[in-house]
Structure formats: C-alpha cells, structure tokens
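As stored in input_34.txt (compact mmCIF, C-alpha atoms):
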# COMPACT_ATOMS: atom_id res chain seq x y z
CA MET A 1437 -139.53 95.48 269.05
CA LYS A 1438 -137.81 92.13 268.69
CA GLU A 1439 -140.67 90.06 267.38
CA PHE A 1440 -140.78 89.03 263.80
CA ILE A 1441 -143.75 88.99 261.49
CA LYS A 1442 -144.04 86.49 258.68
CA ILE A 1443 -146.43 86.87 255.78
CA THR A 1444 -147.14 84.63 252.82
CA VAL A 1445 -148.52 86.16 249.65
CA PRO A 1446 -149.48 84.55 246.32
CA SER A 1447 -147.06 85.26 243.49
CA ASP A 1448 -149.55 87.53 241.78
CA ALA A 1449 -148.69 91.16 241.06
CA LYS A 1450 -152.09 92.26 242.28
CA TYR A 1451 -150.88 91.57 245.82
CA LEU A 1452 -147.83 93.82 245.59
CA CYS A 1453 -149.93 96.65 247.03
CA LEU A 1454 -150.51 94.50 250.11
CA ILE A 1455 -146.78 93.90 250.50
CA ARG A 1456 -146.15 97.65 250.21
CA ASP A 1457 -148.77 98.44 252.85
CA ILE A 1458 -147.38 95.87 255.28
CA THR A 1459 -143.82 97.04 254.70
CA THR A 1460 -144.86 100.60 255.45
CA ARG A 1461 -146.67 99.55 258.62
CA MET A 1462 -143.73 97.45 259.78
CA GLY A 1463 -141.43 100.40 259.22
CA LEU A 1464 -143.69 102.71 261.21
CA LEU A 1465 -143.92 100.18 264.05
CA GLY A 1466 -140.13 100.10 264.13
CA GLY A 1467 -139.81 103.86 264.24
CA VAL A 1468 -138.70 104.27 260.64
CA GLU A 1469 -139.99 107.54 259.26
CA GLY A 1470 -140.07 109.81 256.24
CA PRO A 1471 -138.45 109.12 252.90
CA LEU A 1472 -136.64 106.04 254.24
CA ILE A 1473 -139.93 104.18 254.47
CA ASP A 1474 -140.58 104.95 250.81
CA THR A 1475 -137.20 103.59 249.74
CA LEU A 1476 -137.63 100.41 251.81
CA LYS A 1477 -141.16 99.90 250.46
CA LEU A 1478 -140.01 100.36 246.88
CA ALA A 1479 -137.08 97.97 247.34
CA ILE A 1480 -139.17 95.16 248.81
CA ASP A 1481 -141.79 95.67 246.11
CA GLU A 1482 -139.06 95.37 243.48
CA ALA A 1483 -137.61 92.23 245.08
CA CYS A 1484 -141.05 90.58 245.06
CA ALA A 1485 -141.76 91.74 241.51
CA ASN A 1486 -138.46 90.14 240.46
CA ILE A 1487 -139.56 86.86 242.05
CA ILE A 1488 -142.86 86.93 240.15
CA LYS A 1489 -141.17 87.80 236.87
CA HIS A 1490 -137.91 85.86 236.99
CA ALA A 1491 -138.08 83.11 239.62
CA TYR A 1492 -141.70 82.11 238.95
CA LYS A 1493 -141.84 83.26 235.31
CA GLY A 1494 -145.25 84.83 235.86
CA ASP A 1495 -146.84 81.80 237.52
CA THR A 1496 -149.41 83.29 239.91
CA GLY A 1497 -149.99 80.02 241.76
CA LYS A 1498 -146.79 80.11 243.82
CA LYS A 1499 -145.97 81.69 247.17
CA ILE A 1500 -143.74 84.47 248.38
CA HIS A 1501 -142.75 84.46 252.05
CA ILE A 1502 -141.52 87.59 253.78
CA ARG A 1503 -140.23 87.70 257.34
CA TYR A 1504 -139.86 91.15 258.83
CA ARG A 1505 -137.81 91.80 261.92
CA ILE A 1506 -137.13 95.14 263.45
CA THR A 1507 -134.70 95.68 266.26
CA LYS A 1508 -133.46 98.91 267.77
CA GLY A 1509 -130.70 99.12 265.21
CA ALA A 1510 -132.02 97.50 262.05
CA PHE A 1511 -134.93 96.81 259.73
CA GLU A 1512 -134.63 93.34 258.23
CA ALA A 1513 -136.68 91.51 255.62
CA VAL A 1514 -136.00 87.96 254.48
CA ILE A 1515 -137.82 87.10 251.28
CA GLU A 1516 -138.15 83.49 250.13
CA ASP A 1517 -139.50 81.77 247.06
CA SER A 1518 -139.39 78.27 245.60
CA GLY A 1519 -138.75 79.34 242.04
CA GLU A 1520 -135.85 79.24 239.67
CA LYS A 1521 -132.46 79.96 241.22
CA VAL A 1522 -131.21 83.49 240.87
CA ARG A 1523 -127.58 83.98 239.94
CA PRO A 1524 -126.63 87.00 242.06
CA GLU A 1525 -123.60 87.73 239.91
CA LEU A 1526 -125.93 88.46 237.01
CA LEU A 1527 -127.99 91.01 238.96
CA GLN A 1528 -126.24 94.13 237.77
CA GLY A 1529 -129.08 96.32 236.59
CA ARG A 1530 -128.57 98.61 233.68
CA ASP A 1531 -126.15 101.51 233.50
CA LEU A 1532 -128.24 104.44 234.75
CA ASP A 1533 -126.89 106.55 231.90
CA ASP A 1534 -128.12 104.01 229.36
CA VAL A 1535 -131.76 105.02 229.09
CA LYS A 1536 -133.93 102.06 228.20
CA PRO A 1537 -136.90 100.25 229.75
CA GLY A 1538 -136.08 97.91 232.63
CA GLY A 1539 -133.03 97.18 234.76
CA LEU A 1540 -133.79 99.63 237.56
CA GLY A 1541 -135.20 97.31 240.23
CA ILE A 1542 -131.85 96.08 241.53
CA HIS A 1543 -130.64 99.68 241.83
CA PHE A 1544 -133.66 100.51 243.99
CA ILE A 1545 -132.94 97.49 246.20
CA ARG A 1546 -129.24 98.24 246.62
CA ARG A 1547 -129.73 101.90 247.43
CA ALA A 1548 -132.30 101.10 250.13
CA PHE A 1549 -130.51 98.34 252.02
CA ASP A 1550 -127.04 98.05 253.54
CA VAL A 1551 -127.09 94.27 253.19
CA VAL A 1552 -128.42 92.56 250.05
CA ALA A 1553 -127.50 88.89 250.30
CA TYR A 1554 -128.74 85.75 248.63
CA ASP A 1555 -128.41 82.64 250.76
CA GLY A 1556 -126.44 80.21 248.64
CA LYS A 1557 -127.24 77.34 251.04
CA LYS A 1558 -130.93 77.27 250.20
CA LYS A 1559 -131.43 74.18 248.10
CA LYS A 1560 -134.65 75.01 246.31
CA GLY A 1561 -135.65 78.54 245.38
CA ASN A 1562 -134.14 81.70 246.76
CA ARG A 1563 -133.72 83.40 250.11
CA LEU A 1564 -132.87 87.08 249.95
CA ARG A 1565 -131.85 88.85 253.15
CA LEU A 1566 -132.18 92.60 253.22
CA VAL A 1567 -130.95 94.69 256.15
CA LYS A 1568 -131.10 98.41 256.69
CA TYR A 1569 -129.14 99.66 259.68
CA LEU A 1570 -130.98 102.40 261.48
CA LYS A 1571 -129.28 105.36 263.08
CA GLU A 1572 -129.86 105.50 266.79
CA GLU A 1573 -131.28 108.74 268.16
CA MET B 1382 -154.91 102.90 239.47
CA GLU B 1383 -157.29 104.91 237.34
CA ILE B 1384 -156.57 106.46 233.96
CA GLY B 1385 -158.41 109.35 232.37
CA ILE B 1386 -157.87 110.60 228.84
CA ALA B 1387 -159.10 113.99 227.67
CA ASP B 1388 -158.38 116.62 225.05
CA TYR B 1389 -156.60 119.72 226.27
CA ASN B 1390 -155.99 122.55 223.82
CA GLY B 1391 -155.52 120.10 221.01
CA ASN B 1392 -153.24 117.84 223.04
CA LYS B 1393 -153.97 114.60 224.83
CA LEU B 1394 -154.10 114.84 228.61
CA ILE B 1395 -153.60 111.60 230.54
CA THR B 1396 -154.60 111.76 234.18
CA VAL B 1397 -153.31 108.92 236.31
CA SER B 1398 -154.28 108.32 239.91
CA GLY B 1399 -153.17 105.69 242.39
CA ASP B 1400 -150.23 103.30 242.27
CA ILE B 1401 -148.35 102.56 239.04
CA ASP B 1402 -146.77 99.18 239.63
CA MET B 1403 -146.14 95.84 237.97
CA TYR B 1404 -149.85 95.03 238.20
CA SER B 1405 -151.29 98.29 236.90
CA SER B 1406 -148.64 99.53 234.46
CA PRO B 1407 -149.69 97.20 231.58
CA ALA B 1408 -153.10 98.95 231.45
CA LEU B 1409 -151.41 102.34 231.34
CA ARG B 1410 -149.02 101.13 228.66
CA GLU B 1411 -151.92 99.86 226.56
CA GLN B 1412 -153.71 103.23 226.68
CA MET B 1413 -150.57 105.17 225.83
CA ILE B 1414 -149.53 102.85 223.02
CA PHE B 1415 -153.05 103.26 221.58
CA LEU B 1416 -152.43 107.03 221.42
CA ILE B 1417 -148.94 106.55 219.99
CA ASN B 1418 -150.38 104.43 217.21
CA LYS B 1419 -152.51 107.47 216.34
CA LYS B 1420 -149.30 109.52 216.24
CA VAL B 1421 -150.45 111.91 218.95
CA SER B 1422 -148.03 114.81 218.80
CA VAL B 1423 -148.14 115.91 222.46
CA MET B 1424 -149.07 113.76 225.43
CA LEU B 1425 -149.43 115.54 228.77
CA VAL B 1426 -149.39 113.28 231.81
CA ASP B 1427 -150.83 114.56 235.08
CA PHE B 1428 -149.03 112.93 238.04
CA ASN B 1429 -150.73 114.93 240.78
CA LYS B 1430 -152.69 111.94 242.03
CA VAL B 1431 -150.00 109.30 241.50
CA SER B 1432 -149.21 107.85 244.90
CA TYR B 1433 -146.48 105.41 243.89
CA ILE B 1434 -144.39 104.30 240.94
CA ASP B 1435 -142.03 101.34 240.63
CA SER B 1436 -139.52 100.28 237.99
CA SER B 1437 -142.19 98.76 235.75
CA GLY B 1438 -144.04 102.09 235.75
CA ILE B 1439 -140.82 103.93 234.94
CA ALA B 1440 -140.12 101.42 232.16
CA THR B 1441 -143.55 102.13 230.69
CA PHE B 1442 -142.80 105.84 230.42
CA VAL B 1443 -139.31 105.22 229.00
CA GLU B 1444 -140.84 103.01 226.31
CA VAL B 1445 -143.53 105.58 225.50
CA LEU B 1446 -140.94 108.36 225.35
CA LYS B 1447 -138.80 106.39 222.90
CA HIS B 1448 -141.81 105.68 220.68
CA MET B 1449 -142.90 109.31 220.68
CA LYS B 1450 -139.41 110.61 219.94
CA SER B 1451 -139.23 108.30 216.94
CA TYR B 1452 -141.91 110.33 215.17
CA GLY B 1453 -141.16 113.73 216.71
CA GLY B 1454 -143.84 113.58 219.39
CA ARG B 1455 -143.48 115.06 222.87
CA LEU B 1456 -144.20 113.41 226.20
CA GLN B 1457 -144.63 115.96 228.98
CA LEU B 1458 -145.01 115.02 232.64
CA PHE B 1459 -146.26 117.44 235.28
CA GLY B 1460 -147.37 117.59 238.90
CA LEU B 1461 -144.99 114.89 240.13
CA PRO B 1462 -145.27 114.35 243.90
CA VAL B 1463 -141.94 114.64 245.74
CA ALA B 1464 -141.51 110.89 246.23
CA VAL B 1465 -142.19 110.16 242.56
CA LYS B 1466 -139.88 112.95 241.41
CA GLU B 1467 -137.15 111.56 243.64
CA ILE B 1468 -137.39 108.19 241.88
CA PHE B 1469 -137.04 109.83 238.46
CA GLY B 1470 -134.05 111.77 239.81
CA PHE B 1471 -132.31 108.72 241.27
CA SER B 1472 -132.81 106.93 237.95
CA LYS B 1473 -131.21 109.90 236.15
CA LEU B 1474 -134.41 110.25 234.14
CA ASP B 1475 -135.29 113.75 235.34
CA LYS B 1476 -132.96 115.04 232.61
CA VAL B 1477 -134.38 112.69 229.97
CA PHE B 1478 -138.07 113.48 230.42
CA GLU B 1479 -139.72 116.86 230.03
CA ILE B 1480 -140.95 117.43 233.59
CA PHE B 1481 -142.97 120.50 234.55
CA ARG B 1482 -144.45 121.90 237.72
CA ASP B 1483 -147.96 122.18 236.31
CA ILE B 1484 -149.94 121.93 233.10
CA GLU B 1485 -149.59 125.64 232.31
CA ASP B 1486 -145.79 125.39 232.34
CA ALA B 1487 -145.96 122.30 230.15
CA VAL B 1488 -148.22 123.88 227.56
CA LYS B 1489 -146.17 127.10 227.46
CA SER B 1490 -142.92 125.24 226.76
Whole structure, structure tokens version:
Amino acid sequence: MKEFIKITVPSDAKYLCLIRDITTRMGLLGGVEGPLIDTLKLAIDEACANIIKHAYKGDTGKKIHIRYRITKGAFEAVIEDSGEKVRPELLQGRDLDDVKPGGLGIHFIRRAFDVVAYDGKKKKGNRLRLVKYLKEE
Amino acid sequence: MEIGIADYNGNKLITVSGDIDMYSSPALREQMIFLINKKVSVMLVDFNKVSYIDSSGIATFVEVLKHMKSYGGRLQLFGLPVAVKEIFGFSKLDKVFEIFRDIEDAVKS
C-alpha cells in the first residue's frame, strides 16, 4: 500500500480515541500485527496529547494533522500543528527510575519508532515525523 | 471510561472500564483523590476491563500512590490486561506498585 491517508482532528483530548482507532486500522491495513500496533498507537496518542498540552496549551479550537503512509518496509506518521515551537533538545522525559507523575510520553514515542524527527524548517508550529521500519517476511 | 466504587471487605474497590487517557484520567483522578481525602486505608483497583492506558493515566496512579503512601495507605492494582501490564513494566513501575493477579491475591497480601 503506497497511498497516504491524511486526517485532521480538533485539538481536543476527547478525540484522542479517534486517533487511536485510526492508527490501529492503518497499522492493520499495512500488515502490522500484535503488540507492535499497541506501541505505535500509544506513541501517536502521546505525540498528539503533547501537542494539545504543550504546543496548544490546552486550546481545543486548534487542529492536529496526521498523515499516515505505509509502504512494504515502513509505517510512517507525520504529525503537524500550528502551536508553540517545540525545542526537541528539551524532550528528554524523566529518568525511569525517578518515580513521579509525568515525563513518560517521550519514552513511549522513542521506543515505538526508529525515527523521531522534528522538522526544523517548518516556520510556524511543529512537524514531527515518525517512522517504524517493518521487518519483511 | 466508566468508574465504579464499592465497598469490599472494608476496603474500597474501584472498578475501571474502557480507556484511561488524557481525556478520561481527570475524572478518575477526581474520584480517587476524593477517597484519599477520606484517608481510605486500602484502595483496590480492578483493571480487568481497562482496554488502554496512556502516560496521563499512569501519572494519575503514580500521584495517587504517593498520596496514599504519605499516610500509610495501600494502593493495590489487580487484573491488569497484558498490554496494560507491559506499559507498567516498560515504565519500571511494576516494581513500584502492588500488582496482583486477582482480587483474592490482593486481599490476602
């Protein structure tokens, strides 16, 4: 499958369930199975939750754009917003041994995807490219 | 997500079903903080019908655990589906929380 699917969702946490459902379906259409789908779904959910919380500061009137593309060898999602610029160097997450609320989302994103890259050329907002390379049968 | 609260052998039993995410976790937090304010000594949380949890859901339980520990209370989780348990494990929280197979094991501990 070489087509891409683009969705636009309001920046409201009540729509995260929709993003999770679509991510799961896209994974299944691309032949992704089992626990990997769960990790991809969680990671994209976390990326979108970060946009709502940090880039849009809880403003539910904005938009989140996700473009999915699945090829024989990879599952790719490009997530865009028009919110406050993220400084990738600050996205460290908390030390997993330091038990406290928060700071786990970026760990879930990094463990799921082989490529986690912010596009520094985007002038307004953020463009996050996530790629998971799939093992060929 | 739906939340049920019941008494179970003198303890509070919280039954959660559905997805615990950024949208639903504030409601769960509110219910649990309400019980913490009453200094509930043991809170049992039934995960059998939890279909999904994200970092905000995990953060809710970490916060509740810290509150309960501050007054000697116990937060006990049981019936975690495999996918949910895996997330606790990856986060290194499976050693921090009291996690049991079922409610009988939790109560016996």
request  = Do me a favour and pick out the residues of chain B within 7 Å of chain A, using only C-alpha atoms, as a VMD selection string.
outcome  = chain B and resid 1403 to 1404 1435 to 1437 1440 to 1441 1443 to 1444 1472 to 1473
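Between Asp1457 (chain A) and the residues B:Asp1400, B:Ser1490, B:Lys1393, B:Lys1430, the shortest atom-to-atom distance, using all atoms listed in the file, involves B:Asp1400.
Candidate residues B:Ser1405, B:Ser1398, B:Ser1451, B:Ser1432 were compared for distance to Ile1417 (chain B), and the nearest is B:Ser1451, using all atoms listed in the file.
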inquiry  = Give me, as JSON, numbers by chain, all polymer residues having an atom no more than 6 Å from Gly1519 (chain A), counting all atoms listed in the file and skipping those fewer than 4 positions away in the same chain.
reply    = {"A": [1491, 1492, 1561]}
query = Which of these residues is nearest to Ser1406 (chain B), using all atoms listed in the file: B:Tyr1452, B:Phe1471, B:Phe1481, B:Phe1442?
reply = B:Phe1442
message = Considering all atoms listed in the file, can you say which of B:Lys1450, B:Ser1422, B:Leu1416, B:Leu1458 comes closest to Thr1396 (chain B)?
response = B:Leu1458
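The spacing separating CA of Gly1460 (chain B) from CA of Phe1428 (chain B) amounts to 5.0 Å.
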Residues near region 1496-1508 of chain A, cut-off 10 Å, all atoms listed in the file, skip fewer than 3 positions along chain, as number ranges by chain = A: 1437-1450, 1455, 1458-1459, 1462-1463, 1465-1468, 1480, 1484, 1487-1489, 1492-1493, 1511-1519, 1563-1572
key: Computed interatomic separation between CA of Pro1462 (chain B) and CA of Tyr1433 (chain B) (Å)   = 9.0 Å
If we count only C-alpha atoms and set the cut-off at 8 Å, which residues sit around Gln1457 (chain B), ignoring sequence neighbours fewer than 6 positions away in its own chain? Please answer as a CSV table (one decimal) with C-alpha atoms, in the frame of the given file.
chain,number,residue,atom,x,y,z
B,1423,VAL,CA,-148.1,115.9,222.5
B,1424,MET,CA,-149.1,113.8,225.4
B,1425,LEU,CA,-149.4,115.5,228.8
B,1426,VAL,CA,-149.4,113.3,231.8
B,1478,PHE,CA,-138.1,113.5,230.4
B,1479,GLU,CA,-139.7,116.9,230.0
B,1480,ILE,CA,-141.0,117.4,233.6
B,1481,PHE,CA,-143.0,120.5,234.6
B,1487,ALA,CA,-146.0,122.3,230.2
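Put simply, CA of Gly1509 (chain A) is 15.0 Å away from CA of Ile1473 (chain A).
The residue that comes closest to Leu1394 (chain B), out of B:Pro1407, B:Leu1456, B:Lys1489, B:Lys1447 and on the basis of all atoms listed in the file, is B:Leu1456.
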Can you tell me, as AutoDock Vina command-line options, the centre and edge lengths (Å, one decimal) of the axis-aligned box enclosing all of region 1499-1517 of chain A's listed atoms after padding each side by 6 Å?
--center_x -138.3 --center_y 90.4 --center_z 257.4 --size_x 27.3 --size_y 29.4 --size_z 32.7
